[in-house]
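Report on the following structure.
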Amino acid sequence: MPDAAQTLDAPAIPLTYARKGGEGGGRGFGGGGDGDGDAGDERRRRNHRAAMTAIWFTLAPVSMFFMAFASAYVVRESLGGDWQPLVLPPLMWVNTAILLGSSAALELARRRLDDAQGLQRWLFAATLLGVGFLAGQTVAWMGLAARGVYLASNPSHSFFYVITVAHALHLLIGVVALGYVTWLGARGRVSPARRTAVDVTAVYWHFMDGLWIFLFLLLSVWR
Amino acid sequence: MALLFVLLFAAVILWSVVPIILDPNTILPETISVHGHLIDKQVVDTLWITGVILIVAHLGLMYTIWKSTKRDKAEYLEGNNRLEITWTVLTGILFVALNLLGQPVWAKMHLEAKPKDAIHIDVIAKQFSWMFHYPGPDGKRGARAANRINDATGNSLGLDEADEESWDDVVSTSLVVPVDTDIVVHITSRDVLHALACPALRIKQDAVPGLSVPIPFRVVLNQQDWQKFISLGGSEATEWLMKYDAEHFQKKDATKEESAPAAK
Amino acid sequence: MSDSAHAAEAHTETAHAVHRHPAPTGFIAKYVFSVDHKVIGKQYWFLALFASFMGMALSLWFRWHLAYPEQGLLTPEGYLAILTMHGTIMVFMVLTTAPQGGFGNYALPIQIGAEDMAFPRLNMLSFWLTLLSLIILLAAFFVGYDAKNWVPGPGSGWTGYAPLSVVEKAQAGKSGAWPQTMWVLSIAVFCLASLIASINFIVTTLDLRCKGMTLMRMPLTVWAWFVTAIISLLAFGVLLAGGLLLLLDRHLGTSFFVPGNLFIDNRVVTEHTGGSPLLWQHLFWFFGHPEVYIAILPGMGLASHLLANFARKPIFGYAAMVYAIFAIALLGFFVWGHHMFQSGMHPMTAVVFSVLTMIIGVPSAIKTFNWLGTLWNSKIRFDSPMLYALGFVSLFVTGGLGGIFLGQNAADVYFHDTYFVVGHFHMIMGVAAIFGIFAGSVYWFPKMFGRMMNERMSQIHFFATFIGVYLIFVPMHFVGLDGHPRRYAGFEFAFLKTPEMIAWHKVMTHGAIMTAVAQLVLLVNIFYSLFNGPKAPANPWEATSLEWGIPSPPPHDNFAGVIPVVNHGPYEYSVPGAPRDFIMQTDAPDILRHSSSQTAHIPVPTNTSASEKFPTLPPESSSDAGGSSGAAGGGSAPSDSGSTHA
Ligand code: HEM
Ligand SMILES: [Cu+2]
């Protein structure tokens, strides 16, 4: 196979070039803008922007994934027949509160990017609450299983487990990300200038939080 | 090369259109149901429209390709908004109008109330044959249940011997219906999905377990009005389907049993 | 931004060493676990090449059986298994990988002036997941091995309809056990790979465009890849969700898709109650219809690109083409029900889906009109990519017209589940989209491998394939019109055994053999040219987009550390007054005036109509572009010596 890495021949066609860092890149739908500032900063800004675009777009398939479950849930429920409504364990209200708390802690952390101590404390709290939610969910599942509610015992149970476990798995990714950000914070690698990791995690985490509220409402109201 | 392309696209037109013109049978086999004629009309209308589009599009390709050889330089032309809007609106109207033309027959098959006094026949699919459950003189079909099914004893539908309504029921592996009579077939399956395909009746319906889909139809025969019944084919193989064929007209040949291969 | 800031910037720039990714050394880092989008693009392309020959071999197998069933080449269940594997391999591993993963990966970053994809490591991950998915799928051939009754694959078709895909014993042999599970797993992994890839495409397109590359200056290929990525992003998540539910039904006894009281394999199925087979169909086709556009949109983008390139004309109605792509993508999510007209869903729903389906025919028609408009008054060059592009238009028209029958719920009563459907989707997806892949291959081969392919062999391949596929797929419509149902292993019914029907089937099979032989020509051409083709110049096709302004093959980071500035729209061919019949996107803004003016840094509109349509850079940044290029030593003085037509 011919070697892909070659030295740059003189382009056969006259080209206009800008030096690196001078390129602004297309800014969202605004089209190609112009560059400014120092090259390193510009690079960091670009990476930040790319990461933010990526995380926002990641929410689309995640939403579609859960909307597929949700609409299947609604359709399957409407078929009636063997459907037995499931009463959600009250513990899930507590879990919901814990998750909301975690989001709040993360927001508080994000307001303290220049205060290393406070930042670290709140990030840790957010992570801990995230773990707390997962633990709470596990307890809730175990309680249900003890009551004879299994994955295949009824379609409503199946949907309950599928939806809550799928959400928990997505949340687990978020917890790992939070843990990573906390670790970064502990090593002093989060600051107003280096906020990509924490911003990306926050978008994902808040979304998971909102998604949970939607799913929780769906499961508890639409029975 | 331009010449080759002109020939090639001319061949495309001929190959796609001529067999249909030469052999009308290729267009559609004859239909024997009332709604079948409406469906045919829809198909033939569509065939005209799409045929013209196919020919015009390829003639357009041939023409532009050929004309291009006569030029030294391309014309600098970026588009024409008025043209864009015109052809968008026109194709939109054409396609939607064509679609709406077909809605009456769809309504007749699916949306309108089923005819009164129709004979109701259940059509049950299984791997790999079809079964037809007739009500018998009492006009009622007995209940069926999966746990009573026993293919070995011939109770492939799971009828209940204790159920009076089932006593006079007729279970057949072929469909025989009276002509000039409203029939409603209720299509379902006892295992996986199957597709009921009756080209001559212009009926096509998936058979879905747990779901029974009613399709009304009425057979009309043009030349051979003297016939009272028509056998719509036998359960020959993996699924059942049939096609009108003059030779198959037999006075009331109900169960022309053909060796059905054992379920695979 | 003030001028002094610019001066400062230019200053720092020259002072800084130009940052470049170091090129990896060593075979493994370079060609196997590469993060370079160009290598990953080639990997996808080779994967698709392998898969397409695999899929083709399978099709020859059952095509032969269909013409000569008496030879007993396949059992009925073997037929279904091979059919399933053929469909799945072709739809997922060829039509979804080559146009997007292959060419999109290779060309998109270069065409928008980026050094790589936004997330090179994720890019590598998508490829390896895709490969994993292919391996799992191929395993489905063998995991059902059984000395007595070996059925080589699952029998549920590429659509995996429940309950057949759930209840193990509904399928012959071990077909419904591990092979079916492998099939679902393969698709689940494929979904993940596609999701990751599409995020990468979207971010790259939105955030990594070079200076001057406004959205409305992007080549239509880029638009197509971008929108395809959006479609994938929304569609694959749903398939993944459906696939997981299917797995749970299969292995953990849930009842999402399987109703109760089934009687299968001489017993009542007690594991399931009350599920809905239609629910699977809705989830599947919600993905499935957009998927057909995932397969064809990149081909449409490329056909547009090539028609302009080789007709030496601007694309007719650039903006309309972009809007049509978006219209197709949007409407594509609201028509899935047309696959279910006869499925037993509510008949009123069918009416709604049917009308929407007819409306989606409109943007498809717009594209065709615009292609004809592009060819109008053109000066065509019949280089091999153009042959495939012209073939694409013909095939797209012929195949799309079949959709006009099928999209009408009333006509579909007759055509559903017949060979007419098979003819329709093969014409359009099985051939038009594949012609897009052919076109991309011959078009970018010089760039990808630095060597030209053999024109004569490409011509032979084109004509033989084009004739071959028309021989196969037009008669498929005819036997469909005659009522021949699909997915049968032979002529099970008396009425099908007419001499005419048998003759058509033989025509199709022999057309298939001819087509297959033609593919050997392509294969020889590829591998011969890879090593022995003449060295490719930078711009063999005299094209305008960015990849043709850099050497063939390009350096490791595409632009060797300098990023281009775009000054022109993508299809400036035969512009009156231009020094040559194409203006590259990176040509100096004042190329039209260069002979009369020495003040190269004063921007002038390239031509009046173009500058009205395409948002051009504000004068300030254009002059900046000229200045920077001077600083970079790239030389902005245009010259006529650039023509390198082979
Ligand atoms: C003019 C636009 C189109 C219309 C109106 C249309 C309509 C339809 C309809 C109604 C069906 C279902 C037929 C049935 O099962 O009874 C169908 C099947 C199909 N179409 Fe199209 N189609 C169009 C364009 C396309 C394109 C562009 C592609 C692919 C690139 C495509 C690929 C397919 C495939 C793969 C199937 C069959 C799926 C299966 O059952 O296995 N179609 N089309
Ligand atoms: Cu579709």
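Just so we're on the same page: first chain in the structure tokens is A, next is B, and so on; residues restart at 1 for each chain, and ligands are numbered from 1 in the order they show up.
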Worksheet entry | Spatial neighbours of Ala411 (chain C), max dist 7 Å, only C-alpha atoms, sep filter under 4 positions, as a list in words | Ile39, Gln42 and Val43 of chain B; Phe405, Leu406 and Phe415 of chain C
Discussion item. So that I can check the surroundings of Gly102 (chain B), please list as a PyMOL selection string every protein, DNA and RNA residue that reaches within 8 Å of it, counting only C-alpha atoms and ignoring chain neighbours fewer than 2 positions away.
Written reply: (chain B and resi 39+42+98-100+104-106) or (chain C and resi 408-411)
Discussion item. Which of region 3-250 of chain B end up as strand (DSSP E) when DSSP is run on this backbone - answer as a PyMOL selection string?
Written reply: chain B and resi 119-126+129-134+170-172+176-178+182-189+194-198+203-207+213-218+229-231
Just need the residues of chain C within 7 Å of chain B, counting only C-alpha atoms, so spit them out as a short mmCIF file (atom, residue, chain, number, x, y, z; two decimals) with N, CA and C atoms, in the first residue's frame.
data_model
loop_
_atom_site.label_atom_id
_atom_site.label_comp_id
_atom_site.auth_asym_id
_atom_site.auth_seq_id
_atom_site.Cartn_x
_atom_site.Cartn_y
_atom_site.Cartn_z
N PRO C 163 -42.89 -12.83 16.18
CA PRO C 163 -42.27 -13.74 17.14
C PRO C 163 -41.21 -14.67 16.55
N LEU C 164 -41.07 -14.68 15.22
CA LEU C 164 -40.10 -15.61 14.63
C LEU C 164 -38.71 -15.38 15.20
N PRO C 259 -47.11 -12.31 21.71
CA PRO C 259 -48.41 -12.52 22.35
C PRO C 259 -48.48 -13.90 23.00
N ASN C 261 -50.39 -17.64 24.00
CA ASN C 261 -51.12 -18.71 23.32
C ASN C 261 -50.63 -19.04 21.92
N LEU C 262 -49.35 -18.88 21.71
CA LEU C 262 -48.81 -19.34 20.43
C LEU C 262 -48.69 -20.85 20.50
N PHE C 263 -48.89 -21.48 19.36
CA PHE C 263 -48.71 -22.93 19.30
C PHE C 263 -47.56 -23.21 18.36
N ILE C 264 -46.42 -23.53 18.94
CA ILE C 264 -45.21 -23.68 18.13
C ILE C 264 -44.49 -24.96 18.54
N VAL C 268 -47.97 -25.38 23.38
CA VAL C 268 -48.36 -23.99 23.60
C VAL C 268 -47.19 -23.27 24.23
N ARG C 312 -18.71 20.23 -15.77
CA ARG C 312 -18.04 21.54 -15.74
C ARG C 312 -19.05 22.66 -15.58
N LYS C 313 -20.01 22.46 -14.70
CA LYS C 313 -21.04 23.47 -14.48
C LYS C 313 -21.30 23.59 -12.99
N PRO C 314 -21.75 24.75 -12.53
CA PRO C 314 -22.19 24.80 -11.12
C PRO C 314 -23.37 23.85 -10.95
N ILE C 315 -23.52 23.33 -9.75
CA ILE C 315 -24.70 22.49 -9.52
C ILE C 315 -25.93 23.37 -9.67
N PHE C 316 -26.92 22.83 -10.32
CA PHE C 316 -28.14 23.60 -10.53
C PHE C 316 -28.92 23.64 -9.21
N GLY C 317 -29.18 24.85 -8.73
CA GLY C 317 -29.99 24.98 -7.52
C GLY C 317 -29.32 24.43 -6.27
N GLN C 342 -50.08 -3.23 5.43
CA GLN C 342 -50.84 -4.48 5.50
C GLN C 342 -50.50 -5.29 6.74
N SER C 343 -49.98 -4.61 7.76
CA SER C 343 -49.50 -5.35 8.92
C SER C 343 -50.59 -5.58 9.94
N GLY C 344 -51.75 -4.96 9.74
CA GLY C 344 -52.79 -5.06 10.75
C GLY C 344 -52.84 -3.85 11.65
N PRO C 347 -56.19 1.04 10.08
CA PRO C 347 -56.20 1.46 8.67
C PRO C 347 -56.19 2.98 8.47
N VAL C 355 -50.08 9.42 2.78
CA VAL C 355 -49.98 10.78 2.23
C VAL C 355 -48.60 11.36 2.50
N MET C 358 -46.08 10.03 0.07
CA MET C 358 -46.08 10.63 -1.26
C MET C 358 -45.37 11.98 -1.22
N ILE C 359 -45.51 12.66 -0.09
CA ILE C 359 -44.85 13.97 -0.01
C ILE C 359 -43.34 13.82 0.00
N VAL C 362 -41.42 14.11 -3.17
CA VAL C 362 -41.18 15.41 -3.81
C VAL C 362 -39.72 15.85 -3.72
N ILE C 366 -37.15 16.62 -6.69
CA ILE C 366 -36.41 17.87 -6.85
C ILE C 366 -34.95 17.60 -7.16
N LEU C 372 -30.75 16.99 -13.68
CA LEU C 372 -30.96 17.24 -15.11
C LEU C 372 -30.60 18.69 -15.44
N LEU C 375 -26.97 19.04 -15.89
CA LEU C 375 -26.44 18.51 -17.16
C LEU C 375 -26.81 19.39 -18.34
N TRP C 376 -27.84 20.17 -18.17
CA TRP C 376 -28.35 21.03 -19.24
C TRP C 376 -27.27 21.99 -19.69
N ASN C 377 -27.03 22.08 -20.98
CA ASN C 377 -26.03 22.99 -21.54
C ASN C 377 -24.66 22.83 -20.90
N SER C 378 -24.31 21.60 -20.61
CA SER C 378 -23.02 21.37 -19.96
C SER C 378 -22.01 20.88 -21.00
N LYS C 379 -20.80 20.70 -20.53
CA LYS C 379 -19.76 20.12 -21.38
C LYS C 379 -19.23 18.91 -20.61
N ILE C 380 -19.81 17.76 -20.90
CA ILE C 380 -19.54 16.60 -20.06
C ILE C 380 -18.17 16.00 -20.37
N PHE C 382 -16.35 12.49 -19.77
CA PHE C 382 -16.75 11.13 -19.38
C PHE C 382 -15.64 10.40 -18.65
N SER C 394 -29.99 7.47 -13.33
CA SER C 394 -30.95 6.57 -13.97
C SER C 394 -31.53 5.57 -12.97
N VAL C 397 -33.94 7.14 -10.46
CA VAL C 397 -35.25 7.41 -11.03
C VAL C 397 -36.06 6.12 -11.13
N THR C 398 -35.46 5.12 -11.73
CA THR C 398 -36.19 3.87 -11.94
C THR C 398 -36.61 3.26 -10.61
N LEU C 401 -39.38 5.35 -8.72
CA LEU C 401 -40.73 5.25 -9.27
C LEU C 401 -41.47 4.05 -8.68
N PHE C 405 -45.63 3.45 -6.41
CA PHE C 405 -46.66 2.41 -6.29
C PHE C 405 -46.81 2.01 -4.82
N GLN C 408 -48.51 4.11 -1.98
CA GLN C 408 -49.96 4.28 -1.92
C GLN C 408 -50.55 3.07 -1.21
N ALA C 410 -53.35 1.90 -1.12
CA ALA C 410 -54.26 1.09 -1.93
C ALA C 410 -53.50 0.17 -2.89
N ALA C 411 -52.52 0.73 -3.58
CA ALA C 411 -51.77 -0.11 -4.53
C ALA C 411 -50.93 -1.13 -3.78
N VAL C 413 -51.72 -2.85 -1.40
CA VAL C 413 -52.49 -4.06 -1.13
C VAL C 413 -52.04 -5.16 -2.08
N TYR C 414 -51.77 -4.77 -3.27
CA TYR C 414 -51.34 -5.79 -4.23
C TYR C 414 -49.85 -6.07 -4.14
N VAL C 474 -35.24 -5.05 -13.09
CA VAL C 474 -36.49 -4.69 -13.77
C VAL C 474 -37.43 -5.89 -13.85
N PHE C 478 -41.53 -7.03 -12.77
CA PHE C 478 -42.52 -7.74 -13.60
C PHE C 478 -43.11 -8.94 -12.85
N LEU C 481 -45.43 -7.73 -10.39
CA LEU C 481 -46.72 -7.37 -10.98
C LEU C 481 -47.57 -8.62 -11.21
N ASP C 482 -46.90 -9.71 -11.45
CA ASP C 482 -47.63 -10.96 -11.65
C ASP C 482 -48.04 -11.60 -10.33
N GLY C 483 -47.62 -11.02 -9.23
CA GLY C 483 -48.08 -11.50 -7.94
C GLY C 483 -47.13 -12.43 -7.21
N GLU C 492 -43.50 -22.38 -5.21
CA GLU C 492 -44.35 -23.29 -4.45
C GLU C 492 -45.75 -23.43 -5.04
N PHE C 493 -46.13 -22.51 -5.88
CA PHE C 493 -47.54 -22.48 -6.27
C PHE C 493 -47.70 -22.70 -7.75
N PHE C 495 -49.58 -21.48 -9.96
CA PHE C 495 -49.67 -20.36 -10.91
C PHE C 495 -48.32 -19.71 -11.17
N SER C 574 -16.58 26.75 -14.95
CA SER C 574 -16.86 27.55 -16.16
C SER C 574 -17.33 28.96 -15.83
N VAL C 575 -16.69 29.56 -14.83
CA VAL C 575 -17.07 30.93 -14.49
C VAL C 575 -16.54 31.86 -15.58
#
Discussion item. Which residues are close to Ser156 (chain C), i.e. within 12 Å by only C-alpha atoms, leaving aside same-chain residues fewer than 4 positions away? Reply as a PyMOL selection string.
Written reply: (chain B and resi 192-194) or (chain C and resi 77-88+160-168+170-172+175-177+179-181+183-184+487)
Worksheet item: Please, which residues of region 110-221 of chain B, numbered as in this document, come out helix (DSSP H, G or I) from DSSP, as a VMD selection string?
Response: chain B and resid 110 to 111 146 to 148 164 to 167 199 to 201
Got time to write the residues from that selection, N, CA, C and O atoms, as a short mmCIF file (atom, residue, chain, number, x, y, z; two decimals), in the first residue's frame?
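The result, written out as part-v1.cif:
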data_model
loop_
_atom_site.label_atom_id
_atom_site.label_comp_id
_atom_site.auth_asym_id
_atom_site.auth_seq_id
_atom_site.Cartn_x
_atom_site.Cartn_y
_atom_site.Cartn_z
N HIS B 110 -61.25 -1.30 4.31
CA HIS B 110 -60.83 -1.25 5.72
C HIS B 110 -61.64 -0.34 6.61
O HIS B 110 -61.69 -0.57 7.81
N LEU B 111 -62.19 0.73 6.05
CA LEU B 111 -62.76 1.74 6.94
C LEU B 111 -64.28 1.66 7.03
O LEU B 111 -64.86 1.95 8.07
N ALA B 146 -55.62 -22.38 22.05
CA ALA B 146 -54.34 -22.99 21.72
C ALA B 146 -54.13 -24.30 22.49
O ALA B 146 -53.59 -25.25 21.95
N ASN B 147 -54.61 -24.34 23.74
CA ASN B 147 -54.30 -25.53 24.53
C ASN B 147 -55.11 -26.76 24.12
O ASN B 147 -54.88 -27.85 24.63
N ARG B 148 -56.07 -26.58 23.21
CA ARG B 148 -56.79 -27.76 22.71
C ARG B 148 -56.23 -28.25 21.38
O ARG B 148 -56.68 -29.24 20.84
N GLU B 164 -71.34 -26.35 21.39
CA GLU B 164 -72.36 -26.59 20.36
C GLU B 164 -72.09 -25.81 19.08
O GLU B 164 -72.33 -26.28 17.98
N GLU B 165 -71.62 -24.60 19.25
CA GLU B 165 -71.43 -23.76 18.07
C GLU B 165 -70.42 -24.34 17.11
O GLU B 165 -70.42 -24.02 15.93
N SER B 166 -69.56 -25.19 17.63
CA SER B 166 -68.53 -25.72 16.75
C SER B 166 -68.96 -27.01 16.05
O SER B 166 -68.29 -27.47 15.15
N TRP B 167 -70.10 -27.55 16.45
CA TRP B 167 -70.45 -28.86 15.92
C TRP B 167 -70.62 -28.87 14.41
O TRP B 167 -70.22 -29.80 13.73
N PRO B 199 -53.50 -12.96 -5.09
CA PRO B 199 -53.40 -12.02 -6.21
C PRO B 199 -54.72 -11.82 -6.93
O PRO B 199 -55.08 -10.68 -7.23
N ALA B 200 -55.46 -12.88 -7.18
CA ALA B 200 -56.67 -12.73 -7.97
C ALA B 200 -57.74 -11.96 -7.22
O ALA B 200 -58.57 -11.28 -7.81
N LEU B 201 -57.75 -12.07 -5.90
CA LEU B 201 -58.73 -11.32 -5.11
C LEU B 201 -58.24 -9.93 -4.79
O LEU B 201 -58.99 -9.12 -4.26
#
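Restricting the atom set to only C-alpha atoms and all ligand atoms, one finds that the residues within 8 Å of ligand 2 amount to Trp285, Gly288, His289, Pro290, Val292, Gly332, Val335, Trp336, Gly337, His338 and His339 of chain C.
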Prev. selection, C-alpha atoms, output as a compact mmCIF listing (two decimals), in the first residue's frame:
# COMPACT_ATOMS: atom_id res chain seq x y z
CA TRP C 285 -39.20 0.76 10.89
CA GLY C 288 -35.59 1.26 9.13
CA HIS C 289 -36.97 3.96 6.91
CA PRO C 290 -34.43 6.60 7.97
CA VAL C 292 -32.60 3.72 3.75
CA GLY C 332 -37.99 10.43 6.63
CA VAL C 335 -43.23 7.74 7.01
CA TRP C 336 -42.10 4.51 8.62
CA GLY C 337 -45.66 3.22 8.66
CA HIS C 338 -45.58 2.65 4.89
CA HIS C 339 -43.80 -0.60 5.60
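Between ligand 1 and the residues C:Thr368, C:Ser194, C:Ser133, C:Ser232, the shortest atom-to-atom distance, using only C-alpha atoms and all ligand atoms, involves C:Thr368.
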Fill in: Surrounding residues as a VMD selection string, ligand 1, max 6 Å, only C-alpha atoms and all ligand atoms
chain C and resid 292 to 293 295 to 296 338 to 339 357 to 358 361 400 403 to 404 406 to 407 412 415 to 417 421 425 428 to 429
Considering only C-alpha atoms, return as a compact mmCIF listing (two decimals) with all heavy atoms, in the first residue's frame whatever protein or nucleic-acid residues lie within 9 Å of region 515-524 of chain C, sequence-local ones (same chain, fewer than 5 positions apart) excluded.
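Once everything was written out, this is part_13.txt:
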# COMPACT_ATOMS: atom_id res chain seq x y z
N PHE C 53 -18.46 -8.32 -1.13
CA PHE C 53 -18.23 -9.55 -1.88
C PHE C 53 -18.85 -10.75 -1.17
O PHE C 53 -19.39 -11.65 -1.79
CB PHE C 53 -16.74 -9.75 -2.14
CG PHE C 53 -16.31 -9.04 -3.39
CD1 PHE C 53 -16.00 -7.69 -3.37
CD2 PHE C 53 -16.28 -9.70 -4.61
CE1 PHE C 53 -15.65 -7.01 -4.53
CE2 PHE C 53 -15.93 -9.04 -5.78
CZ PHE C 53 -15.62 -7.68 -5.73
N MET C 56 -22.48 -10.56 -1.87
CA MET C 56 -22.76 -10.91 -3.26
C MET C 56 -22.68 -12.42 -3.46
O MET C 56 -23.51 -13.00 -4.16
CB MET C 56 -21.76 -10.20 -4.17
CG MET C 56 -22.10 -10.31 -5.62
SD MET C 56 -20.92 -9.40 -6.62
CE MET C 56 -19.48 -10.43 -6.45
N ALA C 57 -21.70 -13.04 -2.85
CA ALA C 57 -21.58 -14.49 -2.99
C ALA C 57 -22.85 -15.16 -2.47
O ALA C 57 -23.39 -16.08 -3.11
CB ALA C 57 -20.35 -14.98 -2.23
N LEU C 60 -25.62 -14.84 -4.98
CA LEU C 60 -25.50 -15.74 -6.13
C LEU C 60 -26.00 -17.12 -5.77
O LEU C 60 -26.65 -17.80 -6.57
CB LEU C 60 -24.04 -15.83 -6.58
CG LEU C 60 -23.52 -14.63 -7.35
CD1 LEU C 60 -22.08 -14.87 -7.73
CD2 LEU C 60 -24.36 -14.39 -8.58
N MET C 457 -10.68 -0.31 -17.55
CA MET C 457 -11.32 -1.33 -16.71
C MET C 457 -12.55 -0.75 -16.00
O MET C 457 -13.56 -1.42 -15.86
CB MET C 457 -10.32 -1.89 -15.70
CG MET C 457 -9.51 -3.05 -16.24
SD MET C 457 -8.81 -4.05 -14.90
CE MET C 457 -7.22 -3.29 -14.71
N SER C 458 -12.46 0.50 -15.58
CA SER C 458 -13.62 1.11 -14.94
C SER C 458 -14.79 1.20 -15.90
O SER C 458 -15.94 0.99 -15.53
CB SER C 458 -13.28 2.52 -14.44
OG SER C 458 -12.33 2.46 -13.42
N ILE C 460 -15.40 -0.74 -18.51
CA ILE C 460 -15.98 -2.08 -18.70
C ILE C 460 -16.83 -2.43 -17.49
O ILE C 460 -17.97 -2.91 -17.60
CB ILE C 460 -14.85 -3.12 -18.89
CG1 ILE C 460 -14.12 -2.84 -20.19
CG2 ILE C 460 -15.42 -4.53 -18.86
CD1 ILE C 460 -12.88 -3.68 -20.36
N HIS C 461 -16.29 -2.16 -16.32
CA HIS C 461 -17.02 -2.47 -15.09
C HIS C 461 -18.35 -1.72 -15.05
O HIS C 461 -19.39 -2.28 -14.75
CB HIS C 461 -16.19 -2.10 -13.86
CG HIS C 461 -16.95 -2.21 -12.58
ND1 HIS C 461 -17.36 -1.11 -11.86
CD2 HIS C 461 -17.40 -3.29 -11.91
CE1 HIS C 461 -18.03 -1.52 -10.79
NE2 HIS C 461 -18.08 -2.83 -10.80
N PHE C 462 -18.30 -0.44 -15.41
CA PHE C 462 -19.54 0.34 -15.37
C PHE C 462 -20.60 -0.25 -16.30
O PHE C 462 -21.73 -0.52 -15.88
CB PHE C 462 -19.30 1.81 -15.74
CG PHE C 462 -20.58 2.52 -16.03
CD1 PHE C 462 -21.42 2.91 -14.99
CD2 PHE C 462 -21.01 2.75 -17.34
CE1 PHE C 462 -22.63 3.53 -15.25
CE2 PHE C 462 -22.22 3.36 -17.60
CZ PHE C 462 -23.03 3.75 -16.55
N PHE C 463 -20.25 -0.44 -17.55
CA PHE C 463 -21.27 -0.87 -18.50
C PHE C 463 -21.79 -2.26 -18.16
O PHE C 463 -23.00 -2.52 -18.19
CB PHE C 463 -20.75 -0.80 -19.94
CG PHE C 463 -20.75 0.59 -20.48
CD1 PHE C 463 -19.58 1.33 -20.56
CD2 PHE C 463 -21.94 1.20 -20.86
CE1 PHE C 463 -19.58 2.63 -21.03
CE2 PHE C 463 -21.95 2.50 -21.34
CZ PHE C 463 -20.77 3.22 -21.42
N ALA C 464 -20.89 -3.15 -17.81
CA ALA C 464 -21.34 -4.52 -17.50
C ALA C 464 -22.24 -4.51 -16.27
O ALA C 464 -23.29 -5.18 -16.24
CB ALA C 464 -20.14 -5.42 -17.27
N THR C 465 -21.87 -3.72 -15.25
CA THR C 465 -22.68 -3.70 -14.04
C THR C 465 -24.03 -3.06 -14.29
O THR C 465 -25.07 -3.57 -13.87
CB THR C 465 -21.95 -2.93 -12.92
OG1 THR C 465 -20.64 -3.46 -12.80
CG2 THR C 465 -22.67 -3.08 -11.61
N PHE C 466 -24.00 -1.95 -15.01
CA PHE C 466 -25.25 -1.24 -15.26
C PHE C 466 -26.23 -2.13 -16.02
O PHE C 466 -27.41 -2.25 -15.65
CB PHE C 466 -24.95 0.03 -16.06
CG PHE C 466 -26.13 0.94 -16.21
CD1 PHE C 466 -26.43 1.87 -15.23
CD2 PHE C 466 -26.95 0.88 -17.33
CE1 PHE C 466 -27.52 2.72 -15.36
CE2 PHE C 466 -28.04 1.72 -17.47
CZ PHE C 466 -28.33 2.64 -16.48
N ILE C 467 -25.74 -2.78 -17.06
CA ILE C 467 -26.62 -3.66 -17.83
C ILE C 467 -27.06 -4.84 -16.96
O ILE C 467 -28.23 -5.22 -16.93
CB ILE C 467 -25.91 -4.13 -19.11
CG1 ILE C 467 -25.68 -2.93 -20.03
CG2 ILE C 467 -26.72 -5.20 -19.82
CD1 ILE C 467 -24.78 -3.22 -21.21
N GLY C 468 -26.11 -5.38 -16.22
CA GLY C 468 -26.42 -6.53 -15.38
C GLY C 468 -27.52 -6.23 -14.38
O GLY C 468 -28.47 -7.00 -14.24
N VAL C 469 -27.42 -5.11 -13.70
CA VAL C 469 -28.41 -4.85 -12.66
C VAL C 469 -29.78 -4.54 -13.25
O VAL C 469 -30.81 -4.89 -12.68
CB VAL C 469 -27.97 -3.72 -11.70
CG1 VAL C 469 -26.74 -4.13 -10.93
CG2 VAL C 469 -27.75 -2.43 -12.43
N ILE C 472 -31.34 -7.75 -13.81
CA ILE C 472 -31.87 -8.42 -12.61
C ILE C 472 -33.13 -7.74 -12.11
O ILE C 472 -34.15 -8.37 -11.86
CB ILE C 472 -30.85 -8.40 -11.45
CG1 ILE C 472 -29.47 -8.85 -11.90
CG2 ILE C 472 -31.33 -9.28 -10.30
CD1 ILE C 472 -28.40 -8.66 -10.84
N HIS C 510 -29.14 -15.04 -14.46
CA HIS C 510 -27.99 -14.87 -15.34
C HIS C 510 -27.50 -13.42 -15.34
O HIS C 510 -26.29 -13.17 -15.41
CB HIS C 510 -28.32 -15.38 -16.74
CG HIS C 510 -28.48 -16.88 -16.73
ND1 HIS C 510 -27.40 -17.73 -16.63
CD2 HIS C 510 -29.57 -17.68 -16.71
CE1 HIS C 510 -27.83 -18.99 -16.58
NE2 HIS C 510 -29.16 -18.99 -16.62
N SER C 529 -4.27 -1.42 -9.57
CA SER C 529 -3.93 0.00 -9.53
C SER C 529 -3.26 0.40 -8.22
O SER C 529 -2.45 1.32 -8.18
CB SER C 529 -5.18 0.86 -9.72
OG SER C 529 -5.88 0.43 -10.85
